[in-house]
Every structure is written in structure tokens, then in C-alpha cells.
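Printed here is input.cif (mmCIF, C-alpha atoms):
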data_model
loop_
_atom_site.label_atom_id
_atom_site.label_comp_id
_atom_site.auth_asym_id
_atom_site.auth_seq_id
_atom_site.Cartn_x
_atom_site.Cartn_y
_atom_site.Cartn_z
CA MET Z 1210 19.90 -12.80 -14.64
CA ARG Z 1211 20.01 -9.08 -15.44
CA VAL Z 1212 18.68 -9.70 -18.95
CA ILE Z 1213 15.83 -11.81 -17.57
CA ALA Z 1214 14.96 -9.07 -15.03
CA ALA Z 1215 14.97 -6.41 -17.76
CA ALA Z 1216 12.87 -8.55 -20.14
CA PHE Z 1217 10.41 -9.29 -17.33
CA ALA Z 1218 10.09 -5.61 -16.39
CA ILE Z 1219 9.61 -4.49 -20.00
CA ALA Z 1220 7.00 -7.20 -20.73
CA ILE Z 1221 4.99 -6.31 -17.62
CA SER Z 1222 5.22 -2.57 -18.41
CA PHE Z 1223 3.73 -3.19 -21.87
CA ILE Z 1224 0.95 -5.42 -20.51
CA VAL Z 1225 -0.05 -2.77 -17.91
CA LEU Z 1226 0.10 0.04 -20.48
CA LEU Z 1227 -1.94 -1.85 -23.09
CA GLY Z 1228 -4.42 -2.92 -20.41
CA PHE Z 1229 -4.90 0.76 -19.59
CA PHE Z 1230 -5.77 1.76 -23.16
CA LEU Z 1231 -7.26 -1.30 -24.88
CA PRO Z 1232 -10.64 -2.67 -23.73
CA ILE Z 1233 -9.56 -6.32 -24.03
CA PRO Z 1234 -10.80 -8.30 -20.97
CA LEU Z 1235 -7.67 -10.49 -20.78
CA LEU Z 1236 -5.34 -7.46 -20.77
CA MET Z 1237 -7.53 -5.55 -18.31
CA GLY Z 1238 -7.62 -8.53 -15.96
CA LEU Z 1239 -3.85 -9.02 -16.19
CA ARG Z 1240 -3.33 -5.32 -15.56
CA ALA Z 1241 -5.48 -5.45 -12.42
CA VAL Z 1242 -3.62 -8.50 -11.07
CA LEU Z 1243 -0.17 -7.03 -11.80
CA THR Z 1244 -1.11 -3.68 -10.26
CA ASP Z 1245 -2.34 -5.46 -7.12
CA TRP Z 1246 0.94 -7.34 -6.87
CA ALA Z 1247 2.84 -4.07 -7.29
CA VAL Z 1248 0.83 -2.50 -4.45
CA VAL Z 1249 1.65 -5.46 -2.16
CA ILE Z 1250 5.35 -5.23 -3.08
CA GLY Z 1251 5.17 -1.46 -2.46
CA ALA Z 1252 3.78 -2.11 1.03
CA ILE Z 1253 6.60 -4.55 1.77
CA ALA Z 1254 9.04 -1.92 0.47
CA VAL Z 1255 7.84 0.40 3.26
CA LEU Z 1256 8.93 -2.21 5.82
CA VAL Z 1257 12.29 -2.56 4.04
CA GLY Z 1258 12.61 1.24 4.05
CA ILE Z 1259 11.92 1.41 7.79
CA PHE Z 1260 14.52 -1.31 8.34
CA ASN Z 1261 16.93 0.87 6.32
CA LEU Z 1262 16.09 3.86 8.55
CA VAL Z 1263 16.87 1.78 11.66
CA ALA Z 1264 20.09 0.42 10.09
CA VAL Z 1265 21.34 3.94 9.29
CA GLN Z 1266 20.63 5.14 12.82
CA MET Z 1267 22.19 2.02 14.39
CA GLU Z 1268 25.34 2.61 12.35
CA LYS Z 1269 25.44 6.19 13.64
CA ILE Z 1270 25.09 4.95 17.21
CA ARG Z 1271 27.73 2.24 16.74
CA MET Z 1272 30.23 4.70 15.22
CA ARG Z 1273 29.35 7.27 17.96
CA GLN Z 1274 28.72 9.89 15.28
CA LYS Z 1275 27.46 13.38 15.98
CA GLY Z 1276 23.76 13.35 16.80
CA SER Z 1277 23.70 9.60 17.53
CA SER Z 1278 21.68 10.22 20.71
CA TYR Z 1279 18.83 11.51 18.53
CA GLY Z 1280 19.19 8.33 16.47
CA ALA Z 1281 18.80 6.24 19.65
CA ILE Z 1282 15.64 8.15 20.59
CA LEU Z 1283 14.28 7.64 17.07
CA VAL Z 1284 14.96 3.89 17.09
CA LEU Z 1285 13.48 3.39 20.57
CA SER Z 1286 10.38 5.45 19.71
CA LEU Z 1287 9.97 3.62 16.43
CA LEU Z 1288 10.24 0.17 18.01
CA GLY Z 1289 7.94 1.17 20.88
CA THR Z 1290 5.13 2.59 18.74
CA PHE Z 1291 5.53 -0.13 16.10
CA GLY Z 1292 5.20 -2.90 18.71
CA TYR Z 1293 2.32 -1.16 20.47
CA GLY Z 1294 0.53 -0.54 17.15
CA ILE Z 1295 0.79 -4.20 16.16
CA VAL Z 1296 -0.57 -5.42 19.52
CA PHE Z 1297 -3.32 -2.84 20.13
CA GLY Z 1298 -4.02 -1.50 16.60
CA VAL Z 1299 -3.74 2.01 15.18
CA GLU Z 1300 -7.19 3.02 16.49
CA ASP Z 1301 -6.05 2.61 20.08
CA SER Z 1302 -6.35 5.80 22.20
CA PHE Z 1303 -2.62 5.83 23.06
CA MET Z 1304 -1.71 5.70 19.36
CA GLN Z 1305 -4.07 8.63 18.73
CA PHE Z 1306 -2.43 10.44 21.65
CA VAL Z 1307 1.02 9.91 20.11
CA VAL Z 1308 -0.20 11.42 16.84
CA ASP Z 1309 -2.02 14.35 18.49
CA ALA Z 1310 0.58 15.17 21.13
CA VAL Z 1311 3.83 14.50 19.27
CA ILE Z 1312 3.58 14.31 15.49
CA VAL Z 1313 1.03 17.09 14.87
CA PRO Z 1314 2.80 19.71 17.07
CA VAL Z 1315 6.22 18.83 15.61
CA GLU Z 1316 4.93 19.17 12.04
CA ALA Z 1317 3.11 22.41 12.93
CA ALA Z 1318 6.34 23.80 14.39
CA LEU Z 1319 8.20 22.87 11.19
CA MET Z 1320 5.44 24.58 9.18
CA ALA Z 1321 5.99 27.77 11.21
CA ILE Z 1322 9.76 27.60 10.63
CA LEU Z 1323 9.03 27.05 6.93
CA ALA Z 1324 6.96 30.27 6.76
CA ILE Z 1325 9.79 32.27 8.35
CA THR Z 1326 12.35 30.60 6.07
CA LEU Z 1327 10.36 31.54 2.97
CA VAL Z 1328 9.99 35.18 4.04
CA TYR Z 1329 13.73 35.36 4.74
CA ALA Z 1330 14.52 33.73 1.36
CA SER Z 1331 12.32 36.27 -0.44
CA ILE Z 1332 14.03 39.18 1.32
CA ARG Z 1333 17.51 38.11 0.28
CA LEU Z 1334 16.48 36.98 -3.23
CA LEU Z 1335 17.62 40.22 -4.83
CA ARG Z 1336 21.02 39.81 -3.18
CA PHE Z 1337 22.13 36.88 -5.33
CA ARG Z 1338 19.94 37.26 -8.42
CA LYS Z 1339 19.52 40.77 -9.75
CA GLU Z 1340 17.32 40.14 -12.79
CA LEU Z 1341 14.06 41.49 -14.19
CA THR Z 1342 12.40 38.09 -13.63
CA THR Z 1343 13.34 38.24 -9.95
CA VAL Z 1344 11.67 41.64 -9.59
CA LEU Z 1345 8.57 40.30 -11.40
CA PHE Z 1346 8.52 37.22 -9.17
CA LEU Z 1347 8.61 39.33 -6.00
CA LEU Z 1348 6.10 41.83 -7.38
CA VAL Z 1349 3.54 39.14 -8.20
CA ALA Z 1350 4.08 37.45 -4.81
CA VAL Z 1351 3.53 40.76 -2.97
CA LEU Z 1352 0.48 41.59 -5.12
CA PHE Z 1353 -1.07 38.21 -4.32
CA LEU Z 1354 -0.37 38.67 -0.61
CA ILE Z 1355 -2.05 42.09 -0.70
CA GLY Z 1356 -4.97 40.57 -2.61
CA ILE Z 1357 -5.65 37.72 -0.19
CA MET Z 1358 -4.73 39.29 3.17
CA PRO Z 1359 -7.58 40.24 5.55
CA LYS Z 1360 -8.15 43.99 5.79
CA PRO Z 1361 -10.05 46.23 8.21
CA PHE Z 1362 -11.93 47.85 5.29
CA ASP Z 1363 -13.87 46.58 2.28
CA ASN Z 1364 -11.47 46.32 -0.62
CA SER Z 1365 -12.97 43.32 -2.39
CA MET Z 1366 -13.19 44.96 -5.84
CA ILE Z 1367 -9.50 45.90 -5.96
CA ASP Z 1368 -8.48 42.57 -4.38
CA GLN Z 1369 -10.46 40.68 -7.01
CA LEU Z 1370 -8.87 42.80 -9.75
CA ILE Z 1371 -5.35 42.10 -8.43
CA ILE Z 1372 -5.99 38.36 -8.13
CA GLU Z 1373 -7.56 38.17 -11.61
CA PHE Z 1374 -4.84 40.28 -13.27
CA ALA Z 1375 -1.85 38.57 -11.64
CA GLY Z 1376 -3.64 35.23 -11.92
CA VAL Z 1377 -3.83 35.41 -15.73
CA PHE Z 1378 -0.04 35.48 -15.98
CA SER Z 1379 0.71 33.06 -13.16
CA ARG Z 1380 -1.90 30.53 -14.37
CA GLY Z 1381 -0.48 30.74 -17.90
CA GLY Z 1382 3.05 30.26 -16.61
CA ALA Z 1383 2.02 27.37 -14.37
CA ARG Z 1384 0.28 25.60 -17.26
CA GLY Z 1385 3.37 26.05 -19.43
CA LEU Z 1386 5.56 24.52 -16.73
CA LEU Z 1387 3.14 21.64 -16.21
CA LEU Z 1388 3.01 20.90 -19.95
CA GLY Z 1389 6.82 20.75 -20.04
CA ILE Z 1390 6.85 18.47 -17.00
CA ALA Z 1391 4.20 16.21 -18.55
CA LEU Z 1392 6.28 15.84 -21.73
CA GLY Z 1393 9.39 15.13 -19.68
CA THR Z 1394 7.53 12.51 -17.64
CA LEU Z 1395 6.21 10.89 -20.82
CA LEU Z 1396 9.70 10.56 -22.32
CA THR Z 1397 11.21 9.34 -19.05
CA GLY Z 1398 8.51 6.69 -18.85
CA LEU Z 1399 9.13 5.62 -22.43
CA ARG Z 1400 12.87 5.21 -21.78
CA VAL Z 1401 12.06 2.88 -18.88
CA LEU Z 1402 9.44 1.10 -20.98
CA PHE Z 1403 11.95 0.44 -23.77
CA GLY Z 1404 14.53 -0.75 -21.24
CA VAL Z 1405 16.98 2.05 -22.06
CA ASP Z 1406 16.88 3.29 -18.45
CA ARG Z 1407 16.76 0.47 -15.94
CA PRO Z 1408 16.37 1.88 -12.44
CA TYR Z 1409 16.11 -1.67 -11.09
CA GLY Z 1410 19.90 -1.98 -11.22
CA SER Z 1411 20.34 -3.92 -14.42
CA ASN Z 1412 22.58 -1.50 -16.30
CA MET N 1140 -12.32 3.08 -26.25
CA THR N 1141 -12.87 6.81 -25.78
CA ILE N 1142 -11.43 9.55 -28.00
CA THR N 1143 -9.08 10.50 -25.13
CA ASP N 1144 -7.69 6.95 -25.03
CA LEU N 1145 -7.22 7.02 -28.79
CA VAL N 1146 -5.36 10.33 -28.66
CA GLY N 1147 -3.26 8.96 -25.80
CA ILE N 1148 -2.25 5.88 -27.81
CA VAL N 1149 -1.41 8.00 -30.88
CA VAL N 1150 0.75 10.39 -28.80
CA LEU N 1151 2.49 7.44 -27.12
CA PHE N 1152 3.15 5.75 -30.45
CA ILE N 1153 4.51 8.95 -32.05
CA ALA N 1154 6.67 9.76 -29.01
CA GLY N 1155 8.01 6.20 -28.89
CA PHE N 1156 8.81 6.20 -32.60
CA LEU N 1157 10.51 9.61 -32.40
CA LEU N 1158 12.51 8.52 -29.35
CA LEU N 1159 13.88 5.49 -31.17
CA ALA N 1160 14.60 7.47 -34.35
CA PHE N 1161 16.35 10.32 -32.50
CA THR N 1162 18.35 7.83 -30.38
CA VAL N 1163 19.75 6.22 -33.53
CA TRP N 1164 20.53 9.68 -34.94
CA ARG N 1165 22.15 10.90 -31.70
CA ARG N 1166 24.42 7.85 -31.59
CA ARG N 1167 25.94 9.06 -34.85
CA THR N 1168 25.72 12.81 -34.18
CA PRO N 1169 25.98 13.79 -30.51
CA ALA N 1170 23.84 16.79 -29.58
CA THR N 1171 25.17 20.23 -28.73
CA LEU N 1172 23.33 21.17 -25.57
CA ARG N 1173 22.59 24.74 -24.59
CA ARG N 1174 24.31 26.02 -21.48
CA ILE N 1175 22.39 25.50 -18.22
CA ASP N 1176 24.26 27.02 -15.27
CA ALA N 1177 22.89 24.53 -12.75
CA TYR N 1178 24.18 21.49 -14.66
CA GLU N 1179 27.56 23.14 -15.29
CA ARG N 1180 27.80 23.69 -11.57
CA LEU N 1181 26.70 20.11 -10.88
CA ASN N 1182 29.46 18.67 -13.07
CA ARG N 1183 31.98 20.97 -11.37
CA GLU N 1184 30.76 20.00 -7.90
CA VAL N 1185 31.07 16.29 -8.66
CA GLY N 1186 34.75 16.77 -9.52
CA LEU N 1187 35.37 19.04 -6.55
CA ALA N 1188 33.74 16.61 -4.10
CA VAL N 1189 36.06 13.81 -5.24
CA GLU N 1190 39.15 16.05 -5.02
CA ASN N 1191 38.31 17.65 -1.67
CA GLY N 1192 37.11 14.49 0.06
CA THR N 1193 33.66 15.92 0.68
CA ARG N 1194 30.29 14.39 -0.04
CA LEU N 1195 27.44 15.03 -2.41
CA HIS N 1196 23.93 14.73 -1.08
CA ILE N 1197 21.39 13.71 -3.71
CA SER N 1198 17.76 13.95 -2.76
CA LEU N 1199 15.25 12.20 -5.01
CA GLY N 1200 12.10 13.54 -3.40
CA ARG N 1201 8.94 11.71 -2.44
CA GLY N 1202 7.70 10.69 -5.87
CA ASN N 1203 5.68 7.50 -5.53
CA LEU N 1204 6.34 5.25 -8.49
CA PHE N 1205 2.65 4.27 -8.64
CA THR N 1206 1.72 7.85 -9.53
CA ALA N 1207 2.65 10.32 -12.28
CA ARG N 1208 5.04 11.94 -9.77
CA GLY N 1209 7.32 8.95 -10.25
CA GLY N 1210 8.56 10.44 -13.55
CA SER N 1211 10.73 13.04 -11.84
CA ALA N 1212 12.09 10.37 -9.50
CA LEU N 1213 13.08 8.22 -12.48
CA ALA N 1214 14.85 11.23 -14.04
CA GLY N 1215 16.71 11.70 -10.75
CA LEU N 1216 17.70 8.03 -10.74
CA ALA N 1217 19.17 8.33 -14.25
CA MET N 1218 21.33 11.22 -13.02
CA LEU N 1219 22.25 9.32 -9.84
CA ARG N 1220 23.54 6.40 -11.92
CA ARG N 1221 26.06 8.70 -13.65
CA ILE N 1222 27.07 10.53 -10.49
CA ALA N 1223 27.59 7.26 -8.59
CA GLU N 1224 29.85 6.03 -11.37
CA ARG N 1225 31.89 9.24 -11.37
CA THR N 1226 32.24 9.50 -7.58
CA SER N 1227 32.90 5.81 -6.92
CA VAL N 1228 36.64 6.55 -6.47
CA SER N 1229 35.89 9.04 -3.69
CA ASP N 1230 36.61 8.26 -0.01
CA ARG N 1231 33.23 9.68 0.82
CA PRO N 1232 30.49 8.28 -1.41
CA PRO N 1233 27.38 10.38 -2.07
CA ILE N 1234 24.42 10.07 0.27
CA VAL N 1235 21.08 9.55 -1.45
CA SER N 1236 17.94 10.42 0.47
CA SER N 1237 14.32 9.88 -0.49
CA GLY N 1238 10.89 10.04 1.07
CA ASP N 1239 9.41 6.95 -0.53
CA ALA N 1240 10.41 3.41 0.40
CA SER N 1241 10.33 1.97 -3.15
CA LEU N 1242 12.44 4.88 -4.32
CA THR N 1243 14.97 4.23 -1.56
CA ILE N 1244 15.39 0.64 -2.71
CA LEU N 1245 15.75 1.76 -6.33
CA SER N 1246 18.29 4.43 -5.33
CA GLN N 1247 20.40 1.76 -3.60
CA ASP N 1248 20.15 -0.48 -6.65
CA THR N 1249 21.05 2.38 -8.98
CA SER N 1250 24.03 3.48 -6.88
CA GLN N 1251 25.28 -0.10 -6.78
CA SER N 1252 25.00 -0.28 -10.59
CA GLY N 1253 27.12 2.87 -10.87
CA TYR N 1254 29.79 1.45 -8.57
CA ARG N 1255 29.72 -1.85 -10.45
CA ALA N 1256 30.15 -0.09 -13.80
CA ALA N 1257 33.16 1.77 -12.38
CA GLY N 1258 34.65 -1.51 -11.09
CA ALA N 1259 34.36 -0.39 -7.46
CA GLU N 1260 31.39 -2.40 -6.20
CA GLU N 1261 33.16 -3.17 -2.90
CA GLN N 1262 33.01 0.57 -2.06
CA PHE N 1263 29.21 0.55 -2.15
CA ARG N 1264 27.44 0.86 1.20
CA VAL N 1265 23.73 0.12 1.31
CA THR N 1266 23.27 2.73 4.09
CA ALA N 1267 24.26 5.48 1.64
CA GLY N 1268 20.72 5.20 0.25
CA ARG N 1269 18.45 6.45 3.02
CA LEU N 1270 14.75 6.74 3.69
CA THR N 1271 14.61 9.91 5.77
CA GLY N 1272 10.87 10.08 6.39
CA LEU N 1273 7.53 9.14 4.91
CA SER N 1274 5.62 12.41 5.41
CA PRO N 1275 6.75 15.68 3.77
CA PHE N 1276 8.05 17.28 6.96
CA ALA N 1277 9.56 14.07 8.34
CA TYR N 1278 11.41 13.74 5.03
CA ALA N 1279 12.70 17.32 5.22
CA ALA N 1280 13.59 17.03 8.91
CA GLY N 1281 15.45 13.77 8.21
CA MET N 1282 17.61 15.56 5.65
CA LEU N 1283 18.73 18.30 8.04
CA PRO N 1284 21.27 16.13 9.94
CA ILE N 1285 22.79 15.08 6.59
CA ALA N 1286 23.34 18.74 5.71
CA ARG N 1287 24.82 19.46 9.15
CA ASP N 1288 26.89 16.40 10.06
CA ASP N 1289 28.02 14.58 6.92
CA ASN N 1290 30.55 17.00 5.42
CA VAL N 1291 28.36 17.68 2.39
CA SER N 1292 29.76 20.19 -0.11
CA ALA N 1293 26.84 20.13 -2.56
CA HIS N 1294 23.18 19.19 -2.40
CA VAL N 1295 21.35 18.04 -5.52
CA LEU N 1296 17.58 18.03 -5.02
CA ILE N 1297 15.87 16.47 -8.03
CA GLY N 1298 12.44 14.89 -7.85
CA ASP N 1299 9.01 15.41 -6.41
CA LEU N 1300 9.58 17.81 -3.52
CA GLY N 1301 7.15 20.26 -1.95
CA ALA N 1302 7.40 23.58 -0.14
CA GLU N 1303 9.04 21.78 2.80
CA SER N 1304 12.24 21.66 0.72
CA ALA N 1305 12.82 25.28 1.84
CA LEU N 1306 14.11 23.80 5.11
CA ILE N 1307 16.88 21.87 3.37
CA VAL N 1308 17.66 24.87 1.14
CA GLU N 1309 18.13 26.96 4.27
CA ALA N 1310 20.26 24.25 5.92
CA ALA N 1311 22.49 24.06 2.82
CA ASP N 1312 22.88 27.83 2.85
CA ARG N 1313 23.90 27.81 6.52
CA GLN N 1314 26.64 25.25 5.78
CA ASN N 1315 27.82 27.21 2.70
CA ALA N 1316 27.10 24.17 0.54
CA SER N 1317 26.17 24.48 -3.13
CA LEU N 1318 22.63 23.66 -4.10
CA ILE N 1319 21.22 22.47 -7.43
CA ALA N 1320 17.48 22.04 -7.23
CA ALA N 1321 14.59 21.00 -9.47
CA SER N 1322 11.11 19.70 -8.83
CA ASP N 1323 7.98 18.80 -10.76
CA ASN N 1324 5.94 20.51 -8.03
CA LEU N 1325 5.03 24.15 -8.66
CA ALA N 1326 5.25 25.12 -4.98
CA ALA N 1327 8.74 23.67 -4.73
CA GLN N 1328 9.76 25.41 -7.97
CA ALA N 1329 8.71 28.74 -6.47
CA VAL N 1330 10.69 27.93 -3.31
CA PHE N 1331 13.77 26.98 -5.31
CA TYR N 1332 13.50 30.08 -7.45
CA ALA N 1333 13.38 32.23 -4.32
CA ALA N 1334 15.98 30.43 -2.25
CA ALA N 1335 18.38 28.33 -4.35
CA GLN N 1336 21.46 29.65 -6.13
CA ASN N 1337 20.94 27.35 -9.12
CA PRO N 1338 17.31 26.46 -9.65
CA LEU N 1339 16.13 24.46 -12.65
CA ILE N 1340 12.81 25.53 -14.14
CA GLY N 1341 10.10 23.20 -15.46
CA GLU N 1342 11.22 20.46 -17.80
CA GLU N 1343 14.92 21.27 -17.26
CA LEU N 1344 14.63 18.67 -14.51
CA PHE N 1345 14.31 15.96 -17.15
CA ALA N 1346 17.52 17.05 -18.88
CA ALA N 1347 19.62 15.85 -15.92
CA GLY N 1348 20.64 12.62 -17.68
CA ALA N 1349 21.67 14.36 -20.90
CA TYR N 1350 23.78 16.95 -19.06
CA THR N 1351 25.56 14.35 -16.93
CA GLY N 1352 26.43 12.20 -19.94
CA ALA N 1353 23.90 9.42 -19.50
CA GLY N 1354 23.86 8.65 -23.23
CA SER N 1355 22.26 9.26 -26.57
CA SER N 1356 18.76 8.24 -25.48
CA HIS N 1357 18.68 11.11 -22.98
CA GLU N 1358 19.76 13.58 -25.65
CA ALA N 1359 17.12 12.09 -27.96
CA SER N 1360 14.51 12.61 -25.25
CA LEU N 1361 15.25 16.34 -25.28
CA ASN N 1362 14.81 16.41 -29.05
CA VAL N 1363 11.48 14.61 -28.83
CA GLN N 1364 10.33 16.96 -26.06
CA ASP N 1365 11.14 19.90 -28.35
CA VAL N 1366 9.15 18.37 -31.22
CA LEU N 1367 6.17 17.58 -28.99
CA ARG N 1368 6.31 21.02 -27.40
CA TRP N 1369 5.96 22.62 -30.84
CA ALA N 1370 3.09 20.24 -31.60
CA VAL N 1371 1.35 21.33 -28.37
CA VAL N 1372 1.90 25.00 -29.27
CA ILE N 1373 0.34 24.47 -32.69
CA VAL N 1374 -2.63 22.54 -31.21
CA ILE N 1375 -3.23 25.33 -28.65
CA LEU N 1376 -3.06 28.04 -31.34
CA VAL N 1377 -5.34 26.13 -33.72
CA GLY N 1378 -7.76 25.43 -30.86
CA ALA N 1379 -7.80 29.09 -29.86
CA GLY N 1380 -8.31 30.14 -33.51
CA LEU N 1381 -11.20 27.71 -33.98
CA THR N 1382 -12.82 28.88 -30.74
CA ILE N 1383 -12.55 32.52 -31.86
CA LEU N 1384 -14.14 31.57 -35.20
CA GLY N 1385 -17.03 29.91 -33.39
CA PHE N 1386 -16.05 26.25 -33.72
CA GLY N 1387 -15.61 25.87 -29.98
CA PHE N 1388 -15.03 22.50 -28.34
#
What would the structure in this file look like if it were written as C-alpha cells?
Amino acid sequence: MRVIAAAFAIAISFIVLLGFFLPIPLLMGLRAVLTDWAVVIGAIAVLVGIFNLVAVQMEKIRMRQKGSSYGAILVLSLLGTFGYGIVFGVEDSFMQFVVDAVIVPVEAALMAILAITLVYASIRLLRFRKELTTVLFLLVAVLFLIGIMPKPFDNSMIDQLIIEFAGVFSRGGARGLLLGIALGTLLTGLRVLFGVDRPYGSN
Amino acid sequence: MTITDLVGIVVLFIAGFLLLAFTVWRRRTPATLRRIDAYERLNREVGLAVENGTRLHISLGRGNLFTARGGSALAGLAMLRRIAERTSVSDRPPIVSSGDASLTILSQDTSQSGYRAAGAEEQFRVTAGRLTGLSPFAYAAGMLPIARDDNVSAHVLIGDLGAESALIVEAADRQNASLIAASDNLAAQAVFYAAAQNPLIGEELFAAGAYTGAGSSHEASLNVQDVLRWAVVIVILVGAGLTILGFGF
């Protein structure tokens, strides 16, 4: 069974890849059909994932673990909004209210905490990593902040100079990192394509 | 077929050929890998977690497998497979969190494979692979209780994570847990560099399999990446030279 699953996955990977590059109508058509199927399976996976989320929280509640009351609130809210959304649709005014009054403020609050967390992390950075690169990292970050922050006086020339100067190095570094990541992604994909790595549980 | 498609096919073919050739070579001659502190610490933490009866928390990010971001998730899965095998004897199996439903299912499958390979499939619990949230902040917020309540001694964040990962980094720091972190996202890399004790930079993320002993193909991948990196350097230099000489593209 595992061999069949692996052979199936490899064959489909090659068809999709060839359909992407070669302008052969049969391959392009097959690629479109297989991609559509994958999207449908992906959508069903979201439902399975939500079921997993509920199962994890139910286990917490059953075992009376720490924070299980939050789990109960999550499950009840999930079931309530899910049921309501199915009956009345996502465009319903109550669904919009739930998004505007609950989800948006919660995410905004997390964003605010994130900003404070990042400032705090930058302050203590030199405590656990005393290196030249750390100093450079902080220097560039501070320079950028000075460059983009609003000021009560016209400083656009100097700001532009700072952004351009620091930007040359940071853009170069970012492109270098992205090239490395692209090569890594390519090789990871090829390992899956050749069936060496089988994330679908066959090895 | 455009010239870009043609170049793409040629690069794919060369990379595939080199990967196969290097894999055969690496089976005979195992690679000597340079020291990366984060992976040394990871291997140490895996052993310590088993001995101390604590947990590892592995976070695979939100990389959707239908996009290019899925590459980092697949690299994380390869590492998870090895860690699951090595920690299968532990009383407290690792918790794997992700922010994409397909990735959650794959993480459960991969963990189960690791347990099966170690002959301990009965220890596997499907709830150890968790979907913590589908939006970036929901995903990060869902990880916070894991850091606080599940007796986690080390967090391994490898995959497509964004700036929101600072929240989990902070939570790990509060619990005095170790943190090994890598992402294919530049914002997250900056966060990890500023806040994590052991950040991995750039393509070091994709070396996870090789450094956790996932096999010769992972070592071969590093070799091929080195070859292709040099090829890219040469192409950039030649391109810059031609542009300077007036043969611009």
C-alpha cells in the first residue's frame, strides 16, 4: 500500500511539473484537473484540521488540564459561529459583527503586544549576543527608524540618504538570503519529487 | 515555451541530476558538516527532553503546500520524522503545531512514521499534531498555551513563520525554554535574530534533515545547493560585467 501511495504521488508530481513547463495540451489539461482536485482536498483538510482543534480542546477539558475553561469557550464559540454561518451565510450582519467586534480587536491587541515584544527583544539583544553583526543589525534598524519616523521639521534629504544608504546593504543581504532559500526550496521539492522524502507517511 | 521556462527546465534537470549523483557519492562517503550551534543544541535538547521527561514543541509554521512557502514546511517535516523516531521512547512525546490544515495532517502522518520506524507506534497520539490557528495571530496565540502548560523544555520553530513568531519567542523565554528557530520569511528571520538564542540564517533552515541524521540525500542536497550557489554567483558577476561593458539585458 505504501509503495502504491509513493508511486502515485511521484507520478502525479511529475505530471503537474511537466504540465507547468511543456505546452502539451494533454499535460496542461491533466495538470489543471489534478490541481483542482488538490484544492478540493485542501479545503476538506481545513475541516479535518478544525476537527483536530476541537479534539485537542475536548481532550484538555476531559482531562481537566490547566486552561481547559478557555478550551470550552473556544469549542462553544466555534460550534456557535460555524452553525450560524452555515445557516445564515458569512455575509450575515451578525457574522460581520463577530469579525468586527471580536476578531479584529483581538488581533490588533496582539499586534500591539508584538510591537512591545520586539522593542524589548532589541533592547536585550546585546545581552546574549555580543558580536559585531549584532551592533550592525541594531544600527541599521535604528537608522531606518530615524529615516521613516515623522518629524516636526523638514529632513527629507537626510532621511532619503539614510534609507538609500542602509537600503543598499539590507536589500543586498535580503536578496542573498532569498536566493539561498530558493535553492533550498528547489532541492527540498526535488527530494519529494524523487520519493526520497515522503511526508505522506510512507517512509 | 518561453526562455524562462527553458532555463527553468535546464536548472531543474541539472539540480536533479546532481542530487542523484551526490546521493550515490554520499552513501559511500558521508559528509563532514560544518558546526552550526543551533543544530548542536537541537540534538542535545532532544536527548535531554527524553532523559528529563519534558517535551519538545516543534512548530512547522503556516506554509501552504500549494505555494512556494511549502518548501520550508517540507524541510521541517523531514526533521520532524527524525525527531519523532528519536523521542518515541519518551513518556512525553513532542507536540507539533502548525497553522495550515494540510500541514497538520502531514505532521501527524510524519510523526506516526517516526514512531512506526522506532517500533513504538502504539505510543503515537494523533492529538500531538495540532492546528493552532489559521490566521497568523491565531496561530501564534494558539501556541502560547503549549509554551505555558505542556512542560516544554525546547521549542523548535522551523517553517514559514512571520513577525508574529516574536510572541512565541517571548513565551519560550519566560518559561526558560530553549529555542531553535528558522524561517523562510525575512521578517521572521529578523525577529529570530533579535530575540532567539539560536537563530538559523537563510538556507540553514534546509540543512535540518542533514544535521539530524536524515540520510545521505539530505547531505547531498547541501552539496548541490553549494554548487548551484556558486553557479548563481558566477551568473551574477558575468551579468554585472556584461552590463558594465554595455551588453545590458
*If you apply the PyMOL selection byres ((chain Z and resi 1225-1239) around 9) to this file, what residues do you get, as number ranges by chain?*
Z: 1220-1224, 1240-1244; N: 1140, 1144-1145, 1147-1148
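Within the 8 Å cut-off around Asn1337 of chain N, using all atoms listed in the file and omitting residues fewer than 5 positions from it on the same chain, the listed residues are Asp1176, Ala1177, Leu1318, Ile1319 and Ala1320 of chain N.
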_Residue IDs satisfying the PyMOL selection byres ((chain N) within 8 of (chain Z)), as a ChimeraX atom specification_ = /N:1140,1144-1145,1148,1154-1155,1158,1207,1210-1211,1213-1214,1216-1217,1239-1241,1243-1246,1248-1249,1251-1252,1266,1269-1271,1276-1277,1284,1288,1303,1305-1306,1309,1323,1325,1330,1333-1334,1336,1340-1342,1345,1356,1360,1363-1364,1367-1368
*What does the distance between atom CA of Leu1354 of chain Z and atom CA of Ser1322 of chain N come to in Å, to one decimal place?*
23.6 Å
*asked:* Calculated over only C-alpha atoms, which of the candidates N:Asp1312, N:Leu1242, N:Asp1230, N:Gly1348 has the smallest distance to Phe1205 of chain N?
replied: N:Leu1242
*Any chance you could resolve the PyMOL selection byres ((chain N and resi 1167-1174) around 10) against this file and give the residues as a VMD selection string?*
chain N and resid 1161 to 1166 1175 to 1179 1346 1349 to 1350 1354 to 1355 1358 to 1359 1361 to 1362
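Rounded to one decimal, atom CA of Arg1231 of chain N and atom CA of Asn1203 of chain N lie 28.4 Å from each other.
For the pair atom CA of Gln1328 of chain N and atom CA of Gly1298 of chain N, the interatomic distance is 10.9 Å.
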